[in-house]
Amino acid sequence: MSDETTNSGEAPAEKDDARHAMKMAKKKAAREKIMATKTDEKGLIIVNTGKGKGKSTAGFGMIFRHIAHGMPCAVVQFIKGAMVTGERELIEKHFGDICQFYTLGEGFTWETQDRARDVAMAEKAWEKAKELIRDERNSMVLLDEINIALRYDYIDVAEVVRFLKEEKPHMTHVVLTGRNAKEDVIEIADLVTEMELVKHPFRSGIKAQQGVEF
């Protein structure tokens, strides 16, 4: 018998293919059984945090999914007001009818160097955020970099937690981004993702680049 066949007459590759198909069929059946039990729907509280890149990027990915499905949504930027970003330009120019976009920060905290001013702008952004979340026409509201405002106590975390628990409409998704998310926020969240930093070009002397960071 040739080394290319088994005792059953099957070539090794064919046997591997059959074994793989059987394994995948079992996995598919198990997956479908699990999925059949997942029938509930609700508006999620989603937190993207951690030192790694991609927190806001992931949030905007969900916003663009909403736009693609024709689902009204909104964005409130708590920090990045001084920076022109591609996502803001695109949404305001082409999708302003379905996605409201408010940039109410004035840049990172080390740029303003004025705590009272930062607090006032953060409070203004939070008031707008509450207005947008209460509006049940919005399926999702992205609170970009709110975790930074909470970290520096520009906004009362207890008030944010209370509002999301008591006043957020049942089917509205709220996304909170920014590093150092507070434990009180993580506790009430349905989905928490921590972006882990492994390597970053900034450490090699490479500046933020258009199309990647903004």
# chains A, B, ... in the order shown; residues from 1 in each chain; ligands from 1
>>> residues_around(residues="Lys51 in chain A", least_positions_apart="4", cutoff="10 Å", atoms="only C-alpha atoms", output="PyMOL selection string")
chain A and resi 55+178-180+194-198
>>> select_by_dssp(residues="chain A", states="alpha helix (DSSP H)", output="number ranges by chain")
A: 12-35, 55-68, 86-94, 109-112, 115-134, 146-151, 157-166, 183-188
>>> write_last_selection(atoms="C-alpha atoms", output="mmCIF file, in the first residue's frame")
data_model
loop_
_atom_site.group_PDB
_atom_site.id
_atom_site.type_symbol
_atom_site.label_atom_id
_atom_site.label_comp_id
_atom_site.auth_asym_id
_atom_site.auth_seq_id
_atom_site.Cartn_x
_atom_site.Cartn_y
_atom_site.Cartn_z
ATOM 1 C CA PRO A 12 -4.313 11.668 4.659
ATOM 2 C CA ALA A 13 -5.562 15.025 3.371
ATOM 3 C CA GLU A 14 -9.058 13.619 2.769
ATOM 4 C CA LYS A 15 -9.127 12.114 6.263
ATOM 5 C CA ASP A 16 -8.054 15.459 7.756
ATOM 6 C CA ASP A 17 -10.770 17.244 5.774
ATOM 7 C CA ALA A 18 -13.427 14.793 6.989
ATOM 8 C CA ARG A 19 -12.267 15.126 10.604
ATOM 9 C CA HIS A 20 -12.321 18.937 10.291
ATOM 10 C CA ALA A 21 -15.831 18.914 8.788
ATOM 11 C CA MET A 22 -17.113 16.694 11.602
ATOM 12 C CA LYS A 23 -15.501 18.938 14.233
ATOM 13 C CA MET A 24 -16.973 22.082 12.699
ATOM 14 C CA ALA A 25 -20.419 20.470 12.430
ATOM 15 C CA LYS A 26 -20.367 19.697 16.156
ATOM 16 C CA LYS A 27 -19.201 23.223 16.923
ATOM 17 C CA LYS A 28 -21.950 24.698 14.721
ATOM 18 C CA ALA A 29 -24.621 22.614 16.473
ATOM 19 C CA ALA A 30 -23.341 23.668 19.910
ATOM 20 C CA ARG A 31 -23.217 27.297 18.819
ATOM 21 C CA GLU A 32 -26.755 27.226 17.452
ATOM 22 C CA LYS A 33 -27.986 25.669 20.705
ATOM 23 C CA ILE A 34 -26.414 28.522 22.680
ATOM 24 C CA MET A 35 -27.718 31.182 20.295
ATOM 25 C CA LYS A 55 -11.042 53.208 22.155
ATOM 26 C CA SER A 56 -12.660 56.034 20.208
ATOM 27 C CA THR A 57 -12.039 54.216 16.929
ATOM 28 C CA ALA A 58 -14.126 51.263 18.138
ATOM 29 C CA GLY A 59 -16.852 53.627 19.314
ATOM 30 C CA PHE A 60 -17.008 55.336 15.936
ATOM 31 C CA GLY A 61 -17.116 51.937 14.267
ATOM 32 C CA MET A 62 -20.437 51.293 16.011
ATOM 33 C CA ILE A 63 -21.662 54.774 15.117
ATOM 34 C CA PHE A 64 -20.921 54.097 11.443
ATOM 35 C CA ARG A 65 -22.768 50.802 11.700
ATOM 36 C CA HIS A 66 -25.793 52.706 12.968
ATOM 37 C CA ILE A 67 -25.489 55.171 10.112
ATOM 38 C CA ALA A 68 -25.210 52.317 7.600
ATOM 39 C CA GLY A 86 -11.748 62.667 9.824
ATOM 40 C CA GLU A 87 -14.790 61.094 11.454
ATOM 41 C CA ARG A 88 -16.197 64.468 12.444
ATOM 42 C CA GLU A 89 -15.635 65.906 8.966
ATOM 43 C CA LEU A 90 -17.282 62.891 7.318
ATOM 44 C CA ILE A 91 -20.304 62.759 9.599
ATOM 45 C CA GLU A 92 -21.005 66.500 9.556
ATOM 46 C CA LYS A 93 -20.598 66.720 5.790
ATOM 47 C CA HIS A 94 -22.490 63.623 4.701
ATOM 48 C CA THR A 109 -6.422 69.054 29.760
ATOM 49 C CA TRP A 110 -2.751 69.996 29.512
ATOM 50 C CA GLU A 111 -3.572 72.321 26.622
ATOM 51 C CA THR A 112 -6.195 74.453 28.355
ATOM 52 C CA ARG A 115 -9.529 73.655 35.464
ATOM 53 C CA ALA A 116 -12.557 75.909 35.933
ATOM 54 C CA ARG A 117 -12.936 76.243 32.183
ATOM 55 C CA ASP A 118 -12.499 72.493 31.660
ATOM 56 C CA VAL A 119 -15.142 71.756 34.301
ATOM 57 C CA ALA A 120 -17.578 74.198 32.714
ATOM 58 C CA MET A 121 -17.102 72.662 29.251
ATOM 59 C CA ALA A 122 -17.418 69.117 30.590
ATOM 60 C CA GLU A 123 -20.627 69.998 32.421
ATOM 61 C CA LYS A 124 -21.995 71.568 29.237
ATOM 62 C CA ALA A 125 -21.111 68.415 27.296
ATOM 63 C CA TRP A 126 -22.803 66.239 29.920
ATOM 64 C CA GLU A 127 -25.998 68.291 29.740
ATOM 65 C CA LYS A 128 -26.055 67.826 25.958
ATOM 66 C CA ALA A 129 -25.336 64.116 26.392
ATOM 67 C CA LYS A 130 -28.308 63.708 28.731
ATOM 68 C CA GLU A 131 -30.552 65.511 26.265
ATOM 69 C CA LEU A 132 -29.477 63.215 23.430
ATOM 70 C CA ILE A 133 -29.779 60.041 25.508
ATOM 71 C CA ARG A 134 -33.271 60.964 26.704
ATOM 72 C CA ILE A 146 -15.960 61.072 28.883
ATOM 73 C CA ASN A 147 -13.816 58.759 31.008
ATOM 74 C CA ILE A 148 -11.085 61.409 31.024
ATOM 75 C CA ALA A 149 -13.534 64.034 32.240
ATOM 76 C CA LEU A 150 -14.665 61.626 34.954
ATOM 77 C CA ARG A 151 -11.081 60.776 35.903
ATOM 78 C CA VAL A 157 -19.367 60.023 38.438
ATOM 79 C CA ALA A 158 -22.245 59.317 40.834
ATOM 80 C CA GLU A 159 -24.515 61.547 38.726
ATOM 81 C CA VAL A 160 -23.448 59.796 35.512
ATOM 82 C CA VAL A 161 -24.068 56.362 37.015
ATOM 83 C CA ARG A 162 -27.439 57.403 38.445
ATOM 84 C CA PHE A 163 -28.566 58.862 35.124
ATOM 85 C CA LEU A 164 -27.540 55.816 33.092
ATOM 86 C CA LYS A 165 -29.252 53.460 35.552
ATOM 87 C CA GLU A 166 -32.448 55.447 36.034
ATOM 88 C CA GLU A 183 -14.947 51.328 38.692
ATOM 89 C CA ASP A 184 -18.457 52.695 39.283
ATOM 90 C CA VAL A 185 -18.917 53.016 35.514
ATOM 91 C CA ILE A 186 -17.432 49.594 34.806
ATOM 92 C CA GLU A 187 -19.769 48.080 37.403
ATOM 93 C CA ILE A 188 -22.952 49.174 35.617
#
>>> residues_around(residues="Pro72 in chain A", least_positions_apart="3", cutoff="7 Å", atoms="only C-alpha atoms", output="list in words")
His66, Ile67, Ile98, Cys99, Arg137, Asn138 and Ser139 of chain A
>>> select_by_dssp(residues="range 168-205 of chain A", states="strand (DSSP E or B)", output="VMD selection string")
chain A and resid 173 to 177 191 to 194
>>> atom_distance(atom1="CA of Val174 in chain A", atom2="CA of Gly105 in chain A")
18.6 Å
>>> closest_residue(among="A:Thr177, A:Glu167, A:Lys53, A:Gly96", to="Pro201 in chain A", atoms="only C-alpha atoms")
A:Lys53
